[in-house]
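Engineer: My structure file protein-v7.csv, CSV, C-alpha atoms, is below:
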```csv
chain,number,residue,atom,x,y,z
Y,28,MET,CA,35.6,-26.0,31.9
Y,29,SER,CA,34.3,-29.0,33.9
Y,30,GLY,CA,34.8,-32.7,34.5
Y,31,PHE,CA,37.1,-34.4,36.9
Y,32,VAL,CA,39.4,-32.2,39.1
Y,33,GLU,CA,41.6,-35.3,39.5
Y,34,LYS,CA,40.5,-38.3,37.4
Y,35,PRO,CA,41.1,-41.5,39.3
Y,36,GLU,CA,43.0,-44.4,37.7
Y,37,PRO,CA,40.7,-47.5,37.5
Y,38,LEU,CA,41.6,-50.4,39.6
Y,39,GLN,CA,42.8,-53.5,37.8
Y,40,VAL,CA,40.9,-56.6,39.0
Y,41,PRO,CA,41.7,-60.0,37.6
Y,42,GLY,CA,38.9,-61.3,35.4
Y,43,LEU,CA,37.3,-57.9,35.1
Y,44,THR,CA,37.5,-55.4,32.2
Y,45,HIS,CA,37.2,-51.7,33.1
Y,46,LEU,CA,34.6,-50.1,30.8
Y,47,HIS,CA,34.0,-46.6,32.2
Y,48,THR,CA,34.7,-44.2,35.0
Y,49,GLY,CA,31.7,-42.0,35.8
Y,50,LYS,CA,31.0,-39.2,38.1
Y,51,VAL,CA,30.4,-41.6,41.0
Y,52,ARG,CA,30.4,-45.2,39.6
Y,53,ASP,CA,33.1,-47.3,38.0
Y,54,LEU,CA,31.8,-49.9,35.5
Y,55,TYR,CA,33.5,-53.2,34.8
Y,56,GLN,CA,32.5,-56.4,32.9
Y,57,ASN,CA,33.2,-59.9,33.8
Y,58,ALA,CA,33.9,-62.9,31.6
Y,59,ASP,CA,30.2,-63.8,31.5
Y,60,GLY,CA,29.3,-60.4,30.1
Y,61,GLU,CA,27.7,-59.2,33.3
Y,62,LEU,CA,28.3,-55.6,34.4
Y,63,ILE,CA,29.9,-54.8,37.7
Y,64,MET,CA,28.9,-51.4,39.1
Y,65,VAL,CA,31.0,-50.0,41.9
Y,66,ALA,CA,29.8,-46.8,43.7
Y,67,SER,CA,32.7,-44.7,44.8
Y,68,ASP,CA,32.6,-41.9,47.5
Y,69,ARG,CA,33.2,-39.3,44.8
Y,70,ILE,CA,30.8,-36.3,44.8
Y,71,SER,CA,30.0,-34.0,41.9
Y,72,VAL,CA,28.5,-30.5,41.9
Y,73,TYR,CA,28.2,-27.9,39.2
Y,74,ASP,CA,29.4,-30.5,36.6
Y,75,TRP,CA,32.7,-31.0,38.5
Y,76,VAL,CA,33.8,-34.2,40.2
Y,77,LEU,CA,35.5,-32.8,43.3
Y,78,PRO,CA,38.9,-34.0,44.6
Y,79,THR,CA,37.5,-34.6,48.1
Y,80,GLU,CA,35.4,-37.7,48.8
Y,81,ILE,CA,32.5,-38.2,51.2
Y,82,PRO,CA,33.2,-41.3,53.3
Y,83,ASP,CA,30.5,-44.1,53.0
Y,84,LYS,CA,28.6,-42.2,50.3
Y,85,GLY,CA,29.0,-45.0,47.7
Y,86,ARG,CA,27.7,-47.6,50.2
Y,87,VAL,CA,24.8,-45.4,51.2
Y,88,LEU,CA,23.8,-45.0,47.5
Y,89,THR,CA,24.1,-48.7,46.9
Y,90,GLN,CA,22.3,-49.9,50.0
Y,91,LEU,CA,19.5,-47.3,49.5
Y,92,SER,CA,19.1,-48.4,45.8
Y,93,LEU,CA,18.8,-52.0,46.9
Y,94,TRP,CA,16.1,-51.1,49.4
Y,95,TRP,CA,14.1,-49.2,46.8
Y,96,PHE,CA,14.5,-52.0,44.2
Y,97,ASP,CA,12.7,-54.2,46.7
Y,98,GLN,CA,9.9,-51.7,47.2
Y,99,LEU,CA,9.4,-51.4,43.5
Y,100,ALA,CA,9.8,-55.1,42.5
Y,101,ASP,CA,6.1,-55.6,41.7
Y,102,LEU,CA,6.1,-52.5,39.4
Y,103,VAL,CA,9.2,-53.1,37.3
Y,104,PRO,CA,12.1,-55.6,37.2
Y,105,ASN,CA,15.6,-54.3,37.9
Y,106,HIS,CA,19.1,-55.1,36.7
Y,107,VAL,CA,20.6,-56.5,39.9
Y,108,LEU,CA,21.8,-60.1,39.7
Y,109,SER,CA,23.9,-60.2,42.9
Y,110,THR,CA,25.7,-58.2,45.5
Y,111,GLU,CA,28.6,-60.7,45.9
Y,112,LEU,CA,32.1,-59.4,45.3
Y,113,PRO,CA,33.8,-60.7,42.2
Y,114,PRO,CA,36.8,-62.9,43.0
Y,115,GLY,CA,39.9,-60.8,43.6
Y,116,ALA,CA,38.0,-57.6,44.1
Y,117,PRO,CA,39.3,-55.3,46.9
Y,118,ALA,CA,37.7,-55.5,50.3
Y,119,ASP,CA,36.7,-51.8,50.0
Y,120,TRP,CA,34.2,-52.8,47.3
Y,121,GLU,CA,32.0,-54.6,49.9
Y,122,GLY,CA,28.6,-52.9,50.2
Y,123,ARG,CA,29.1,-50.7,47.2
Y,124,THR,CA,29.1,-53.3,44.4
Y,125,LEU,CA,26.3,-54.6,42.2
Y,126,VAL,CA,26.6,-57.4,39.7
Y,127,CYS,CA,24.0,-56.5,37.0
Y,128,THR,CA,22.6,-57.9,33.8
Y,129,SER,CA,23.8,-56.1,30.6
Y,130,LEU,CA,21.1,-54.1,29.0
Y,131,GLU,CA,20.4,-52.0,25.9
Y,132,MET,CA,20.0,-48.7,27.6
Y,133,ALA,CA,17.4,-46.1,26.7
Y,134,PRO,CA,19.3,-43.0,25.6
Y,135,VAL,CA,17.3,-40.7,27.9
Y,136,GLU,CA,17.2,-39.6,31.5
Y,137,CYS,CA,13.6,-40.3,32.7
Y,138,VAL,CA,12.7,-37.5,35.1
Y,139,ALA,CA,9.5,-37.3,37.2
Y,140,ARG,CA,8.6,-34.0,38.9
Y,141,GLY,CA,5.9,-33.6,41.6
Y,142,TYR,CA,7.1,-30.2,42.7
Y,143,LEU,CA,8.5,-27.1,40.9
Y,144,THR,CA,12.2,-26.3,41.4
Y,145,GLY,CA,15.6,-26.4,39.7
Y,146,SER,CA,15.7,-26.3,35.9
Y,147,GLY,CA,11.9,-26.8,35.8
Y,148,LEU,CA,11.4,-23.6,37.8
Y,149,ALA,CA,13.8,-21.7,35.5
Y,150,GLU,CA,11.8,-22.7,32.4
Y,151,TYR,CA,8.5,-22.1,34.1
Y,152,ARG,CA,9.5,-18.5,34.9
Y,153,GLN,CA,10.2,-17.9,31.2
Y,154,SER,CA,7.3,-19.7,29.5
Y,155,ARG,CA,5.0,-21.2,32.2
Y,156,THR,CA,6.0,-24.6,30.9
Y,157,VAL,CA,8.4,-27.4,31.9
Y,158,CYS,CA,9.7,-29.5,29.0
Y,159,GLY,CA,7.0,-28.0,26.9
Y,160,LEU,CA,4.2,-29.0,29.3
Y,161,ALA,CA,1.9,-26.1,30.2
Y,162,LEU,CA,1.5,-25.4,33.9
Y,163,PRO,CA,-0.9,-23.1,35.8
Y,164,GLU,CA,-0.1,-19.5,36.7
Y,165,GLY,CA,1.0,-18.6,40.2
Y,166,LEU,CA,3.4,-21.4,40.9
Y,167,VAL,CA,6.6,-20.6,42.9
Y,168,ASP,CA,9.8,-22.3,44.0
Y,169,GLY,CA,8.7,-25.5,45.8
Y,170,SER,CA,5.1,-25.5,44.7
Y,171,GLU,CA,3.4,-28.9,44.4
Y,172,LEU,CA,2.3,-29.5,40.8
Y,173,PRO,CA,-1.4,-30.4,40.1
Y,174,ALA,CA,-0.1,-33.8,39.1
Y,175,PRO,CA,3.3,-35.4,38.6
Y,176,ILE,CA,4.9,-34.8,35.2
Y,177,PHE,CA,7.4,-36.7,33.0
Y,178,THR,CA,10.2,-34.3,32.0
Y,179,PRO,CA,12.9,-36.2,30.2
Y,180,ALA,CA,16.5,-35.1,29.7
Y,181,THR,CA,19.4,-36.0,27.5
Y,182,LYS,CA,22.2,-38.1,29.0
Y,183,ALA,CA,25.3,-36.0,29.4
Y,184,ALA,CA,28.9,-37.1,29.5
Y,185,VAL,CA,31.1,-36.3,32.6
Y,186,GLY,CA,31.5,-32.6,32.8
Y,187,ASP,CA,28.5,-31.8,30.6
Y,188,HIS,CA,25.1,-30.8,31.8
Y,189,ASP,CA,21.9,-32.8,31.1
Y,190,GLU,CA,19.5,-30.8,28.9
Y,191,ASN,CA,15.7,-31.0,29.3
Y,192,VAL,CA,13.9,-32.2,26.2
Y,193,SER,CA,10.2,-32.5,25.2
Y,194,TYR,CA,8.3,-35.8,25.3
Y,195,GLU,CA,7.9,-35.4,21.5
Y,196,ALA,CA,11.6,-35.3,21.1
Y,197,VAL,CA,12.0,-38.6,23.0
Y,198,ALA,CA,9.2,-40.2,20.9
Y,199,ARG,CA,11.1,-39.2,17.7
Y,200,GLN,CA,14.3,-40.7,19.1
Y,201,VAL,CA,13.1,-44.0,20.5
Y,202,GLY,CA,9.7,-44.4,18.9
Y,203,PRO,CA,6.2,-43.5,20.3
Y,204,GLU,CA,5.6,-46.9,21.8
Y,205,THR,CA,8.9,-47.0,23.8
Y,206,ALA,CA,8.5,-43.3,24.8
Y,207,ALA,CA,5.0,-44.2,26.2
Y,208,ARG,CA,6.4,-47.1,28.1
Y,209,LEU,CA,9.2,-45.0,29.6
Y,210,ARG,CA,6.8,-42.3,30.7
Y,211,ARG,CA,4.3,-44.7,32.2
Y,212,ALA,CA,7.0,-46.6,34.2
Y,213,THR,CA,8.6,-43.3,35.4
Y,214,LEU,CA,5.3,-41.9,36.7
Y,215,ASP,CA,4.2,-45.2,38.3
Y,216,ILE,CA,7.5,-45.6,40.1
Y,217,TYR,CA,7.5,-41.9,41.2
Y,218,ALA,CA,3.9,-42.3,42.6
Y,219,ARG,CA,4.9,-45.4,44.6
Y,220,ALA,CA,8.1,-43.7,45.9
Y,221,ARG,CA,6.4,-40.4,46.7
Y,222,ASP,CA,3.8,-42.2,48.9
Y,223,ILE,CA,6.5,-44.2,50.7
Y,224,ALA,CA,8.6,-41.2,51.3
Y,225,ARG,CA,5.7,-39.1,52.5
Y,226,GLY,CA,4.8,-41.7,55.0
Y,227,ARG,CA,8.3,-41.2,56.5
Y,228,GLY,CA,8.1,-37.4,56.6
Y,229,ILE,CA,9.9,-36.7,53.3
Y,230,LEU,CA,8.7,-35.1,50.1
Y,231,LEU,CA,10.1,-36.5,46.9
Y,232,ALA,CA,10.3,-33.3,44.8
Y,233,ASP,CA,11.7,-34.9,41.7
Y,234,THR,CA,13.9,-37.9,40.6
Y,235,LYS,CA,15.5,-39.4,37.6
Y,236,PHE,CA,15.6,-43.0,36.5
Y,237,GLU,CA,17.5,-44.9,33.8
Y,238,PHE,CA,15.9,-47.8,32.0
Y,239,GLY,CA,17.2,-50.5,29.7
Y,240,PHE,CA,15.8,-53.4,27.7
Y,241,LYS,CA,16.6,-57.1,27.6
Y,242,ASP,CA,14.6,-59.3,25.2
Y,243,GLY,CA,12.0,-56.5,24.9
Y,244,GLU,CA,11.4,-56.2,28.6
Y,245,LEU,CA,11.7,-52.8,30.3
Y,246,ILE,CA,14.2,-53.0,33.2
Y,247,LEU,CA,15.1,-50.4,35.8
Y,248,ALA,CA,18.8,-49.8,36.0
Y,249,ASP,CA,21.6,-47.8,37.6
Y,250,GLU,CA,20.9,-46.2,41.0
Y,251,VAL,CA,17.3,-45.4,42.1
Y,252,LEU,CA,15.8,-42.8,44.4
Y,253,THR,CA,19.0,-41.8,46.2
Y,254,PRO,CA,20.0,-38.3,47.3
Y,255,ASP,CA,22.2,-38.1,44.2
Y,256,SER,CA,19.4,-38.8,41.8
Y,257,SER,CA,16.5,-37.2,43.6
Y,258,ARG,CA,15.5,-34.1,45.6
Y,259,PHE,CA,14.2,-35.2,49.0
Y,260,TRP,CA,12.8,-32.4,51.3
Y,261,PRO,CA,11.8,-32.7,54.9
Y,262,ALA,CA,8.0,-32.4,54.9
Y,263,ASP,CA,7.8,-30.4,58.1
Y,264,ARG,CA,10.0,-27.7,56.7
Y,265,TRP,CA,8.4,-27.4,53.3
Y,266,GLN,CA,7.5,-23.8,52.5
Y,267,PRO,CA,6.8,-22.8,48.9
Y,268,GLY,CA,8.2,-19.6,47.7
Y,269,GLN,CA,11.8,-20.3,48.7
Y,270,ALA,CA,14.6,-22.8,48.3
Y,271,GLN,CA,13.8,-25.9,50.4
Y,272,PRO,CA,16.2,-27.6,52.8
Y,273,SER,CA,17.2,-31.0,51.2
Y,274,PHE,CA,18.8,-34.3,51.9
Y,275,ASP,CA,21.6,-34.0,49.3
Y,276,LYS,CA,24.8,-32.1,48.6
Y,277,GLN,CA,23.5,-28.7,49.5
Y,278,PHE,CA,26.3,-28.2,52.1
Y,279,VAL,CA,28.8,-28.7,49.3
Y,280,ARG,CA,27.1,-26.3,46.9
Y,281,ASP,CA,26.7,-23.6,49.6
Y,282,HIS,CA,30.4,-23.9,50.6
Y,283,LEU,CA,31.7,-23.7,47.0
Y,284,THR,CA,29.6,-20.6,46.2
Y,285,SER,CA,30.6,-18.9,49.5
Y,286,PRO,CA,33.5,-16.5,49.9
Y,287,ALA,CA,35.2,-19.1,52.2
Y,288,SER,CA,35.9,-21.4,49.3
Y,289,GLY,CA,37.6,-18.7,47.2
Y,290,TRP,CA,36.3,-20.4,44.1
Y,291,ASP,CA,34.8,-18.5,41.1
Y,292,ARG,CA,32.1,-20.7,39.6
Y,293,ASN,CA,32.3,-18.8,36.4
Y,294,GLY,CA,36.1,-18.8,36.2
Y,295,GLU,CA,38.5,-21.1,34.6
Y,296,LEU,CA,39.9,-22.9,37.6
Y,297,PRO,CA,38.5,-26.1,39.0
Y,298,PRO,CA,36.9,-26.1,42.5
Y,299,PRO,CA,39.1,-26.7,45.6
Y,300,GLY,CA,38.9,-29.5,48.0
Y,301,LEU,CA,36.3,-29.5,50.8
Y,302,PRO,CA,37.0,-28.7,54.5
Y,303,GLN,CA,36.3,-31.4,57.0
Y,304,ASP,CA,33.2,-29.8,58.5
Y,305,VAL,CA,31.5,-29.8,55.1
Y,306,VAL,CA,32.6,-33.4,54.5
Y,307,ASP,CA,31.2,-34.5,57.9
Y,308,ALA,CA,27.9,-32.6,57.4
Y,309,THR,CA,27.3,-34.0,53.9
Y,310,ARG,CA,28.1,-37.5,55.1
Y,311,ALA,CA,25.6,-37.1,57.9
Y,312,LYS,CA,22.9,-35.8,55.5
Y,313,TYR,CA,23.2,-38.9,53.2
Y,314,ILE,CA,23.0,-41.2,56.2
Y,315,GLU,CA,20.0,-39.4,57.6
Y,316,ALA,CA,18.2,-39.8,54.3
Y,317,TYR,CA,19.0,-43.5,54.3
Y,318,GLU,CA,17.8,-44.0,57.9
Y,319,ARG,CA,14.6,-41.9,57.5
Y,320,LEU,CA,13.6,-43.6,54.3
Y,321,THR,CA,14.4,-47.2,55.2
Y,322,GLY,CA,13.8,-47.1,58.9
Y,323,LEU,CA,17.1,-48.9,59.4
Y,324,THR,CA,20.1,-47.8,61.3
Y,325,TRP,CA,23.3,-47.2,59.3
Y,326,SER,CA,26.3,-49.2,60.4
```
Please, can you express the file's structure as structure tokens?
Structural biologist:
Amino acid sequence: MSGFVEKPEPLQVPGLTHLHTGKVRDLYQNADGELIMVASDRISVYDWVLPTEIPDKGRVLTQLSLWWFDQLADLVPNHVLSTELPPGAPADWEGRTLVCTSLEMAPVECVARGYLTGSGLAEYRQSRTVCGLALPEGLVDGSELPAPIFTPATKAAVGDHDENVSYEAVARQVGPETAARLRRATLDIYARARDIARGRGILLADTKFEFGFKDGELILADEVLTPDSSRFWPADRWQPGQAQPSFDKQFVRDHLTSPASGWDRNGELPPPGLPQDVVDATRAKYIEAYERLTGLTWS
């Protein structure tokens, strides 16, 4: 079992049609056909959306995405039209809302990896490959790869897990030309972001992007280069051969898998709520990632 522990009821906003409630974002459409993306403070781990929220998380994700969109503007256009609140929207949407152009989305998660960890490490240990790409012997958890690789995944519904697929599978699904465009854009953006992050003392281990098309133009969509969509590691603590400290929801994962939570990850019951110290530590980690990457002070 997985999914929402407590699925929220969507807000009803005059002039907006609710389209979808995701793990973190709520999606609406206005009368002009534009998409309204609202990043909540929900947090998901182990394919569960938890009942406890992390204050300011949605604003951090939105503001960090906007900052990255600016850094990448010369590489690829993005879907953001405005950050103005729609008429009648609640005040709490301020800072967490994007008005976006409607796109025909590519049906694939575009993942770039510069370091070996996570599901890539699990596959490597079995076959010395990641998404079918052969890698050298001798790599360990946290190893930097000889060069960044494109490792696409399927898009999963809430409660399901993304599954890694080969580049050839993507090419069969979307066509070889589109697959090549997705791979090229993914690796170009990763290279830019990796260098920016490294200059701020952070390693970008891996990240995932979503792309869409409008009139044949490839456009970067959704969130980009946030702690929810990326693994960021402090460069001064990088030590291959072990799990790396990271700017993400590791405090939540560690708590839920500890005896203190009382939760059996392999059982039938959903995970419990989070204690305040875990909430506070997770919020602080998201804000630290924002401040270190952007050089701005969170307020």
Engineer: With a distance cut-off of 7 Å and only C-alpha atoms, select the neighbouring residues of Phe259 (chain Y), excluding the residue or stretch itself and same-chain residues fewer than 3 positions from it, and output the selection as number ranges by chain.
Structural biologist: Y: 229-232, 254, 273-274
Engineer: So that I can see what lies close to Trp95 (chain Y), please list as a PyMOL selection string the residues with an atom at most 9 Å from it, counting only C-alpha atoms and leaving out residues fewer than 5 positions away in the same chain.
Structural biologist: chain Y and resi 90+100+220+251-253+321
Engineer: Using all atoms listed in the file, can you list as a PyMOL selection string the residues within 7 Å of (9.8, -38.0, 28.2)?
Structural biologist: chain Y and resi 137+177-179+193-194+197+206+210
Engineer: Go ahead and dump the residues you just picked, C-alpha atoms, as a PDB file, in the frame of the given file.
Structural biologist:
```pdb
ATOM      1  CA  CYS Y 137      13.600 -40.300  32.700  1.00  0.00           C
ATOM      2  CA  PHE Y 177       7.400 -36.700  33.000  1.00  0.00           C
ATOM      3  CA  THR Y 178      10.200 -34.300  32.000  1.00  0.00           C
ATOM      4  CA  PRO Y 179      12.900 -36.200  30.200  1.00  0.00           C
ATOM      5  CA  SER Y 193      10.200 -32.500  25.200  1.00  0.00           C
ATOM      6  CA  TYR Y 194       8.300 -35.800  25.300  1.00  0.00           C
ATOM      7  CA  VAL Y 197      12.000 -38.600  23.000  1.00  0.00           C
ATOM      8  CA  ALA Y 206       8.500 -43.300  24.800  1.00  0.00           C
ATOM      9  CA  ARG Y 210       6.800 -42.300  30.700  1.00  0.00           C
TER      10      ARG Y 210
END
```
Engineer: Of the residues Y:Met64, Y:Phe238, Y:Ile70, Y:Thr79, which is the one nearest to Pro299 (chain Y), using only C-alpha atoms?
Structural biologist: Y:Thr79
Engineer: List every protein, DNA or RNA residue that has at least one atom no more than 8 Å from (23.6, -39.4, 23.2) in the file's coordinates, counting only C-alpha atoms, and write the result as a list in words.
Structural biologist: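 The residues that fall inside the cut-off are Pro134, Val135, Thr181, Lys182 and Ala183 of chain Y.
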Engineer: Of the residues Y:Glu111, Y:Asp255, Y:Asp59, Y:Glu150, which is the one nearest to Tyr313 (chain Y), using all atoms listed in the file?
Structural biologist: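 Once distances to Tyr313 (chain Y) are computed over all atoms listed in the file, the minimum belongs to Y:Asp255.
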Engineer: Need the shell around Ser257 (chain Y): protein/DNA/RNA residues with any atom at most 7 Å away, counting all atoms listed in the file. Skip same-chain ones fewer than 5 positions apart. Format as a PyMOL selection string?
Structural biologist: chain Y and resi 233-235+252
Engineer: Figure out the distance between CA of Asp68 (chain Y) and CA of Pro302 (chain Y), please, to one decimal in Å.
Structural biologist: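 About the pair CA of Pro302 (chain Y) and CA of Asp68 (chain Y): they are 15.6 Å apart.
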Engineer: Between CA of Val167 (chain Y) and CA of Gly268 (chain Y), what distance in Å does the model show, to one decimal?
Structural biologist: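 These atoms are spaced 5.2 Å apart.
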Engineer: May I have a table of the residues of region 203-292 of chain Y lying at most 12 Å from region 44-55 of chain Y, giving each one's closest pair of atoms and their distance in Å to one decimal, counting all atoms listed in the file, ordered by chain and ascending residue number, as JSON lines?
Structural biologist:
```
{"residue": "Y:Asp249", "atom": "CA", "partner": "Y:Arg52", "partner_atom": "CA", "distance": 9.4}
{"residue": "Y:Glu250", "atom": "CA", "partner": "Y:Arg52", "partner_atom": "CA", "distance": 9.7}
{"residue": "Y:Asp255", "atom": "CA", "partner": "Y:Val51", "partner_atom": "CA", "distance": 9.5}
{"residue": "Y:Ser256", "atom": "CA", "partner": "Y:Val51", "partner_atom": "CA", "distance": 11.4}
```
Engineer: Provide the CA of Gly115 (chain Y) to CA of Phe96 (chain Y) distance in Å, to one decimal place.
Structural biologist: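 Value for the CA of Gly115 (chain Y)-CA of Phe96 (chain Y) distance: 26.9 Å.
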Engineer: Kindly compute an axis-aligned box around the listed atoms of region 235-254 of chain Y, allowing 8 Å on each side, and express its centre and edge lengths in Å to one decimal as lines of an AutoDock Vina configuration file.
Structural biologist:
```
center_x = 16.5
center_y = -48.8
center_z = 36.1
size_x = 26.2
size_y = 37.0
size_z = 38.4
```
Engineer: For a quick check of understanding, using all atoms listed in the file, which of Y:Ala118, Y:Ile314, Y:Phe236, Y:Leu323 has the smallest distance to Ala248 (chain Y)?
Structural biologist: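 Smallest separation from Ala248 (chain Y) among the options: Y:Phe236.
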Engineer: Excluding Ala133 (chain Y) and any residue of its chain fewer than 2 positions from it, enumerate the residues within 8 Å of it, using all atoms listed in the file, and give them as a PyMOL selection string.
Structural biologist: chain Y and resi 131+135+201+237-240
Engineer: Would you put the residues from that selection into a file with C-alpha atoms, as a PDB file, in the frame of the given file?
Structural biologist:
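Result file follows (again_31.pdb):
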```
ATOM      1  CA  GLU Y 131      20.400 -52.000  25.900  1.00  0.00           C
ATOM      2  CA  VAL Y 135      17.300 -40.700  27.900  1.00  0.00           C
ATOM      3  CA  VAL Y 201      13.100 -44.000  20.500  1.00  0.00           C
ATOM      4  CA  GLU Y 237      17.500 -44.900  33.800  1.00  0.00           C
ATOM      5  CA  PHE Y 238      15.900 -47.800  32.000  1.00  0.00           C
ATOM      6  CA  GLY Y 239      17.200 -50.500  29.700  1.00  0.00           C
ATOM      7  CA  PHE Y 240      15.800 -53.400  27.700  1.00  0.00           C
TER       8      PHE Y 240
END
```
Engineer: Looking at Y:Ala224, Y:Leu296, Y:Met132, Y:Val72, which one is nearest to Gly322 (chain Y), with distances taken over all atoms listed in the file?
Structural biologist: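 Closest to Gly322 (chain Y), using all atoms listed in the file: Y:Ala224.
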Engineer: Which is closest to Thr144 (chain Y) among Y:Leu125, Y:Leu247, Y:Ala270, Y:Ala174, if we use only C-alpha atoms?
Structural biologist: Y:Ala270
Engineer: I'd like to know which of Y:Glu318, Y:Glu190, Y:Asp307, Y:Asp222 is closest to Pro82 (chain Y), using only C-alpha atoms.
Structural biologist: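 So, comparing all the options, the nearest one is Y:Asp307.
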Engineer: Please list as a list in words every residue within 9 Å of Pro114 (chain Y), counting only C-alpha atoms and excluding residues in the same chain fewer than 4 positions away.
Structural biologist: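 These residues fall inside the cut-off: Val40, Pro41 and Gly42 of chain Y.
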